[in-house]
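**Q** Handing over protein39.cif, mmCIF, C-alpha atoms.
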data_query
#
loop_
_atom_site.group_PDB
_atom_site.id
_atom_site.type_symbol
_atom_site.label_atom_id
_atom_site.label_comp_id
_atom_site.auth_asym_id
_atom_site.auth_seq_id
_atom_site.Cartn_x
_atom_site.Cartn_y
_atom_site.Cartn_z
ATOM 1 C CA MET A 1255 0.846 -3.755 -1.314
ATOM 2 C CA LEU A 1256 3.747 -4.558 -3.613
ATOM 3 C CA GLU A 1257 3.010 -8.287 -3.358
ATOM 4 C CA ILE A 1258 -0.500 -7.701 -4.684
ATOM 5 C CA ALA A 1259 0.827 -5.631 -7.575
ATOM 6 C CA VAL A 1260 3.550 -8.121 -8.516
ATOM 7 C CA LEU A 1261 1.259 -11.143 -8.322
ATOM 8 C CA GLY A 1262 -1.466 -9.293 -10.197
ATOM 9 C CA LEU A 1263 0.878 -8.383 -13.030
ATOM 10 C CA LEU A 1264 2.386 -11.846 -13.206
ATOM 11 C CA SER A 1265 -1.098 -13.386 -13.281
ATOM 12 C CA GLN A 1266 -1.558 -11.554 -16.597
ATOM 13 C CA GLU A 1267 1.706 -12.668 -18.205
ATOM 14 C CA PRO A 1268 5.278 -13.662 -17.328
ATOM 15 C CA MET A 1269 7.594 -10.649 -16.933
ATOM 16 C CA HIS A 1270 11.131 -9.778 -15.977
ATOM 17 C CA GLY A 1271 11.892 -7.416 -13.095
ATOM 18 C CA TYR A 1272 12.633 -4.389 -15.242
ATOM 19 C CA TYR A 1273 9.273 -4.668 -16.991
ATOM 20 C CA ILE A 1274 7.401 -5.239 -13.700
ATOM 21 C CA ARG A 1275 8.932 -2.020 -12.342
ATOM 22 C CA LYS A 1276 8.058 -0.113 -15.507
ATOM 23 C CA VAL A 1277 4.415 -1.271 -15.508
ATOM 24 C CA LEU A 1278 4.014 -0.542 -11.775
ATOM 25 C CA THR A 1279 5.326 2.983 -12.272
ATOM 26 C CA GLU A 1280 2.928 3.515 -15.199
ATOM 27 C CA MET A 1281 0.005 1.987 -13.255
ATOM 28 C CA THR A 1282 0.376 4.554 -10.501
ATOM 29 C CA GLY A 1283 0.878 7.439 -12.904
ATOM 30 C CA GLY A 1284 4.421 7.833 -11.628
ATOM 31 C CA LEU A 1285 3.136 8.796 -8.175
ATOM 32 C CA PHE A 1286 4.663 5.809 -6.425
ATOM 33 C CA GLY A 1287 8.098 4.967 -7.694
ATOM 34 C CA VAL A 1288 9.136 1.376 -7.210
ATOM 35 C CA SER A 1289 12.840 0.929 -6.661
ATOM 36 C CA TYR A 1290 14.746 -2.185 -7.575
ATOM 37 C CA GLY A 1291 15.801 -2.270 -3.926
ATOM 38 C CA SER A 1292 12.189 -2.901 -2.902
ATOM 39 C CA LEU A 1293 11.091 -4.946 -5.938
ATOM 40 C CA TYR A 1294 13.744 -7.675 -5.999
ATOM 41 C CA PRO A 1295 13.436 -8.635 -2.311
ATOM 42 C CA ILE A 1296 9.676 -9.092 -2.918
ATOM 43 C CA LEU A 1297 10.375 -11.197 -6.006
ATOM 44 C CA ASN A 1298 12.874 -13.308 -4.046
ATOM 45 C CA ARG A 1299 10.460 -13.739 -1.126
ATOM 46 C CA LEU A 1300 7.591 -14.719 -3.438
ATOM 47 C CA GLU A 1301 9.847 -17.180 -5.253
ATOM 48 C CA ASP A 1302 11.172 -18.681 -2.004
ATOM 49 C CA SER A 1303 7.553 -19.128 -0.859
ATOM 50 C CA GLY A 1304 6.618 -20.926 -4.077
ATOM 51 C CA TYR A 1305 4.216 -18.212 -5.271
ATOM 52 C CA ILE A 1306 6.248 -17.386 -8.370
ATOM 53 C CA GLN A 1307 8.957 -19.152 -10.320
ATOM 54 C CA SER A 1308 11.678 -17.814 -12.550
ATOM 55 C CA SER A 1309 13.504 -18.971 -15.602
ATOM 56 C CA GLU A 1310 16.292 -17.431 -17.630
ATOM 57 C CA GLU A 1311 15.175 -15.530 -20.710
ATOM 58 C CA ASN A 1312 16.077 -17.368 -23.921
ATOM 59 C CA ALA A 1313 17.942 -14.522 -25.559
ATOM 60 C CA PRO A 1314 21.485 -14.518 -26.853
ATOM 61 C CA LEU A 1315 23.918 -12.934 -24.465
ATOM 62 C CA LEU A 1316 25.272 -9.646 -25.710
ATOM 63 C CA GLY A 1317 28.780 -9.061 -24.466
ATOM 64 C CA ARG A 1318 28.947 -9.723 -20.735
ATOM 65 C CA ARG A 1319 25.283 -8.949 -20.052
ATOM 66 C CA LYS A 1320 23.603 -11.638 -17.976
ATOM 67 C CA ALA A 1321 20.392 -13.263 -19.145
ATOM 68 C CA ARG A 1322 17.361 -11.810 -17.400
ATOM 69 C CA LYS A 1323 15.104 -13.803 -15.152
ATOM 70 C CA VAL A 1324 11.512 -14.064 -16.294
ATOM 71 C CA TYR A 1325 9.010 -14.532 -13.481
ATOM 72 C CA GLU A 1326 5.627 -16.219 -13.649
ATOM 73 C CA VAL A 1327 2.981 -16.927 -11.059
ATOM 74 C CA THR A 1328 2.424 -20.491 -9.819
ATOM 75 C CA PRO A 1329 -0.951 -22.019 -8.910
ATOM 76 C CA ALA A 1330 -0.083 -21.412 -5.239
ATOM 77 C CA GLY A 1331 0.689 -17.796 -6.145
ATOM 78 C CA THR A 1332 -2.670 -17.419 -7.866
ATOM 79 C CA GLN A 1333 -4.402 -18.593 -4.695
ATOM 80 C CA TYR A 1334 -2.234 -16.337 -2.529
ATOM 81 C CA PHE A 1335 -3.085 -13.377 -4.799
ATOM 82 C CA GLN A 1336 -6.797 -14.113 -4.352
ATOM 83 C CA ASP A 1337 -6.317 -14.369 -0.576
ATOM 84 C CA LEU A 1338 -4.505 -11.012 -0.493
ATOM 85 C CA LEU A 1339 -7.264 -9.335 -2.511
ATOM 86 C CA ALA A 1340 -9.932 -10.737 -0.188
ATOM 87 C CA ASP A 1341 -8.061 -9.585 2.947
ATOM 88 C CA ILE A 1342 -9.320 -6.056 3.485
ATOM 89 C CA ASN A 1343 -7.372 -4.587 6.407
ATOM 90 C CA LYS A 1344 -7.017 -0.987 7.612
ATOM 91 C CA ASN A 1345 -4.021 -0.377 5.309
ATOM 92 C CA ALA A 1346 -6.122 -1.256 2.262
ATOM 93 C CA PHE A 1347 -7.869 2.125 2.418
ATOM 94 C CA ASN A 1348 -4.778 4.361 2.265
ATOM 95 C CA ASP A 1349 -3.902 6.117 -0.983
ATOM 96 C CA GLU A 1350 -1.177 3.779 -2.234
ATOM 97 C CA ASP A 1351 -2.765 0.452 -1.252
ATOM 98 C CA PHE A 1352 -6.191 1.494 -2.508
ATOM 99 C CA GLY A 1353 -4.769 2.514 -5.884
ATOM 100 C CA ILE A 1354 -2.993 -0.803 -6.365
ATOM 101 C CA ARG A 1355 -6.035 -2.766 -5.230
ATOM 102 C CA LEU A 1356 -8.220 -0.759 -7.600
ATOM 103 C CA ALA A 1357 -5.964 -1.802 -10.497
ATOM 104 C CA PHE A 1358 -6.998 -5.415 -9.808
ATOM 105 C CA PHE A 1359 -10.586 -4.695 -8.779
ATOM 106 C CA ASP A 1360 -11.988 -7.056 -11.411
ATOM 107 C CA LYS A 1361 -10.184 -9.947 -9.708
ATOM 108 C CA THR A 1362 -11.351 -8.946 -6.212
ATOM 109 C CA PRO A 1363 -14.307 -10.844 -4.709
ATOM 110 C CA PRO A 1364 -17.531 -8.741 -4.705
ATOM 111 C CA THR A 1365 -17.859 -8.642 -0.905
ATOM 112 C CA ALA A 1366 -14.253 -7.496 -0.570
ATOM 113 C CA ARG A 1367 -14.792 -4.828 -3.252
ATOM 114 C CA LEU A 1368 -17.710 -3.364 -1.319
ATOM 115 C CA GLN A 1369 -15.798 -3.544 1.975
ATOM 116 C CA LEU A 1370 -12.818 -1.813 0.357
ATOM 117 C CA LEU A 1371 -14.960 0.969 -1.109
ATOM 118 C CA GLU A 1372 -16.823 1.587 2.141
ATOM 119 C CA GLY A 1373 -13.558 1.730 4.087
ATOM 120 C CA ARG A 1374 -12.087 4.131 1.549
ATOM 121 C CA ARG A 1375 -15.162 6.343 1.817
ATOM 122 C CA ARG A 1376 -14.808 6.460 5.619
ATOM 123 C CA LEU A 1377 -11.138 7.426 5.309
ATOM 124 C CA LEU A 1378 -11.985 10.163 2.797
ATOM 125 C CA GLU A 1379 -14.841 11.507 4.927
ATOM 126 C CA GLU A 1380 -12.514 11.707 7.927
ATOM 127 C CA ARG A 1381 -9.934 13.481 5.761
ATOM 128 C CA ARG A 1382 -12.584 15.913 4.486
ATOM 129 C CA ASP A 1383 -13.804 16.665 8.007
ATOM 130 C CA ARG A 1384 -10.241 17.200 9.225
ATOM 131 C CA LEU A 1385 -9.515 19.535 6.303
ATOM 132 C CA MET A 1386 -12.702 21.482 6.877
ATOM 133 C CA GLY A 1387 -11.913 21.797 10.553
ATOM 134 C CA SER A 1388 -8.314 22.957 10.205
ATOM 135 C CA VAL A 1389 -8.772 26.318 8.462
ATOM 136 C CA ASP A 1390 -11.531 28.764 7.757
ATOM 137 C CA ALA A 1391 -13.265 26.767 5.067
ATOM 138 C CA PRO A 1392 -16.906 27.277 4.139
ATOM 139 C CA GLY A 1393 -18.991 25.031 6.363
ATOM 140 C CA ALA A 1394 -16.114 24.262 8.715
ATOM 141 C CA PRO A 1395 -17.058 23.443 12.317
ATOM 142 C CA LEU A 1396 -16.374 26.276 14.740
ATOM 143 C CA SER A 1397 -15.212 24.025 17.567
ATOM 144 C CA GLN A 1398 -11.570 23.739 16.428
ATOM 145 C CA PRO A 1399 -8.915 26.443 16.381
ATOM 146 C CA LYS A 1400 -8.141 27.580 12.842
ATOM 147 C CA LEU A 1401 -4.675 27.738 11.323
ATOM 148 C CA LYS A 1402 -3.289 30.989 10.004
ATOM 149 C CA THR A 1403 -2.095 30.231 6.505
ATOM 150 C CA SER A 1404 -0.693 32.067 3.513
ATOM 151 C CA PRO A 1405 -2.911 32.460 0.448
ATOM 152 C CA TYR A 1406 -0.823 29.792 -1.322
ATOM 153 C CA SER A 1407 -1.141 27.348 1.517
ATOM 154 C CA MET A 1408 -4.862 28.055 1.683
ATOM 155 C CA GLY A 1409 -5.120 27.429 -2.066
ATOM 156 C CA LEU A 1410 -3.439 24.051 -1.681
ATOM 157 C CA HIS A 1411 -5.736 23.252 1.218
ATOM 158 C CA GLU A 1412 -8.797 24.133 -0.878
ATOM 159 C CA LEU A 1413 -7.501 22.033 -3.770
ATOM 160 C CA THR A 1414 -7.009 19.035 -1.462
ATOM 161 C CA LEU A 1415 -10.463 19.519 0.057
ATOM 162 C CA ASP A 1416 -12.080 19.788 -3.377
ATOM 163 C CA SER A 1417 -10.231 16.700 -4.604
ATOM 164 C CA THR A 1418 -11.288 14.756 -1.517
ATOM 165 C CA LYS A 1419 -14.938 15.734 -2.008
ATOM 166 C CA ARG A 1420 -14.792 14.655 -5.659
ATOM 167 C CA GLU A 1421 -13.255 11.318 -4.721
ATOM 168 C CA ILE A 1422 -16.002 10.760 -2.131
ATOM 169 C CA ALA A 1423 -18.616 11.335 -4.848
ATOM 170 C CA TRP A 1424 -16.775 8.939 -7.170
ATOM 171 C CA VAL A 1425 -16.496 6.250 -4.481
ATOM 172 C CA ASN A 1426 -20.200 6.685 -3.685
ATOM 173 C CA LYS A 1427 -21.007 5.931 -7.349
ATOM 174 C CA LEU A 1428 -18.817 2.842 -7.248
ATOM 175 C CA ILE A 1429 -20.540 1.680 -4.061
ATOM 176 C CA GLU A 1430 -23.917 2.232 -5.680
ATOM 177 C CA ASN A 1431 -22.850 0.161 -8.714
ATOM 178 C CA GLU A 1432 -21.449 -2.615 -6.515
ATOM 179 C CA SER A 1433 -24.615 -2.693 -4.411
ATOM 180 C CA SER A 1434 -26.911 -3.043 -7.434
#
Show how you would write the structure in this file as structure tokens.

**A**
Amino acid sequence: MLEIAVLGLLSQEPMHGYYIRKVLTEMTGGLFGVSYGSLYPILNRLEDSGYIQSSEENAPLLGRRKARKVYEVTPAGTQYFQDLLADINKNAFNDEDFGIRLAFFDKTPPTARLQLLEGRRRLLEERRDRLMGSVDAPGAPLSQPKLKTSPYSMGLHELTLDSTKREIAWVNKLIENESS
């Protein structure tokens, strides 16, 4: 997931690691924090593979501060980014991966976009059915034992169920647009 995000950002413009981390955090609304401990190994791996290259920023050194590396995507990295976007696997549908992929949806091939949306809808429908089956929710199947929950826990459950239903409706609209 992080490879897609890094390559996608670098395909827009060269950036240094600090700025990549900042943009990734903003892209996800702060929901998925990206640590330097996970970002820099990805940058190193992508650079070692020839997908990105770095150069030292042309800024005067202030005190003992080191010059920052600026990363940019290579032609091989552009192709690898396209390959990653086209590879829709089971992890692509989870919350974090789907959100990152959605950020670069305009660069995703149309068949992969539709496959991604349909897989996400299936995941959400399974989540909705599981939520409806776990507590006494309106329309819940009677075949499963129900959990005894506090009113607060039940409120959170209802919020999650409502949010899931709204996302299903939103994904259905996207699928309809992609299919047209």

**Q** Using all atoms listed in the file, pick whichever of A:Leu1368, A:Met1408, A:Ile1274, A:Leu1261 has the shortest atom-to-atom distance to Gln1336 of chain A.

**A**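 Smallest separation from Gln1336 of chain A among the options: A:Leu1261.
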
**Q** Given all atoms listed in the file as the basis, pick out the residue of A:His1270, A:Arg1382, A:Arg1355, A:Lys1323 nearest to Lys1419 of chain A.

**A**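 Selected residue with least distance to Lys1419 of chain A: A:Arg1382.
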
**Q** Would you list the residues near (-25.5, -7.0, -9.5), meaning any protein, DNA or RNA residue with an atom at most 12 Å from that point in file coordinates, counting all atoms listed in the file, as an MDAnalysis selection string?

**A** chainID A and resid 1364:1365 1368 1429:1434

**Q** Next, the residues of the selection above should be written as an mmCIF file, keeping the file's coordinate frame with C-alpha atoms.

**A**
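So the final result, stored in selection35.cif, reads:
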data_model
loop_
_atom_site.group_PDB
_atom_site.id
_atom_site.type_symbol
_atom_site.label_atom_id
_atom_site.label_comp_id
_atom_site.auth_asym_id
_atom_site.auth_seq_id
_atom_site.Cartn_x
_atom_site.Cartn_y
_atom_site.Cartn_z
ATOM 1 C CA PRO A 1364 -17.531 -8.741 -4.705
ATOM 2 C CA THR A 1365 -17.859 -8.642 -0.905
ATOM 3 C CA LEU A 1368 -17.710 -3.364 -1.319
ATOM 4 C CA ILE A 1429 -20.540 1.680 -4.061
ATOM 5 C CA GLU A 1430 -23.917 2.232 -5.680
ATOM 6 C CA ASN A 1431 -22.850 0.161 -8.714
ATOM 7 C CA GLU A 1432 -21.449 -2.615 -6.515
ATOM 8 C CA SER A 1433 -24.615 -2.693 -4.411
ATOM 9 C CA SER A 1434 -26.911 -3.043 -7.434
#

**Q** As an exercise, work out the distance from atom CA of Leu1339 of chain A to atom CA of Glu1372 of chain A in Å and give it to one decimal place.

**A**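 Atom CA of Glu1372 of chain A lies at a distance of 15.2 Å from atom CA of Leu1339 of chain A.
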
**Q** Quick one: distance from atom CA of Ser1303 of chain A to atom CA of Glu1257 of chain A in Å, one decimal?

**A**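 Between atom CA of Ser1303 of chain A and atom CA of Glu1257 of chain A the gap works out to 12.0 Å.
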
**Q** Which residues would end up in the selection if the PyMOL selection byres ((chain A and resi 1271) around 9) were applied here, given that I need the answer as a PyMOL selection string?

**A** chain A and resi 1269-1270+1272-1276+1290+1293-1294+1297+1322-1325

**Q** Pick the closest to Ile1422 of chain A from A:Leu1410, A:Leu1371, A:Met1386, A:Val1260: which is it, counting all atoms listed in the file?

**A** A:Leu1371

**Q** Name the residues that the PyMOL selection byres ((chain A and resi 1329) around 12) picks from the file above, as a PyMOL selection string, using the file's chain letters and numbers.

**A** chain A and resi 1261+1264-1265+1304-1307+1326-1328+1330-1336

**Q** As an exercise, work out the distance from atom CA of Arg1374 of chain A to atom CA of Leu1300 of chain A in Å and give it to one decimal place.

**A**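 Going from atom CA of Arg1374 of chain A over to atom CA of Leu1300 of chain A covers 27.7 Å.
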
**Q** Env of Glu1379 of chain A: 12 Å cut, atoms = all atoms listed in the file, seq-sep filter 5 positions within chain, self excluded. Answer as a list in words.

**A**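 The residues that qualify are Phe1347, Glu1372, Gly1373, Arg1374, Arg1384, Leu1385, Met1386, Leu1415, Ser1417, Thr1418, Lys1419, Arg1420, Glu1421, Ile1422, Ala1423, Val1425 and Asn1426 of chain A.
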
**Q** Selected by the PyMOL selection byres ((chain A and resi 1288) around 10) in the shown coordinates: which residues, as a list in words?

**A** Leu1256, Ile1274, Arg1275, Lys1276, Val1277, Leu1278, Thr1279, Thr1282, Gly1284, Leu1285, Phe1286, Gly1287, Ser1289, Tyr1290, Gly1291, Ser1292 and Leu1293 of chain A

**Q** From the set A:Ile1258, A:Ala1346, A:Leu1428, A:Leu1263, which residue has the shortest atom-to-atom contact distance to Ile1296 of chain A, counting all atoms listed in the file?

**A** A:Ile1258

**Q** Return as JSON the box centre and box size in Å, one decimal, for an axis-aligned box around all listed atoms of segment 1406-1411 of chain A padded by 4 Å per side.

**A**
{"center_x": -3.3, "center_y": 26.5, "center_z": -0.2, "size_x": 12.9, "size_y": 14.5, "size_z": 11.7}
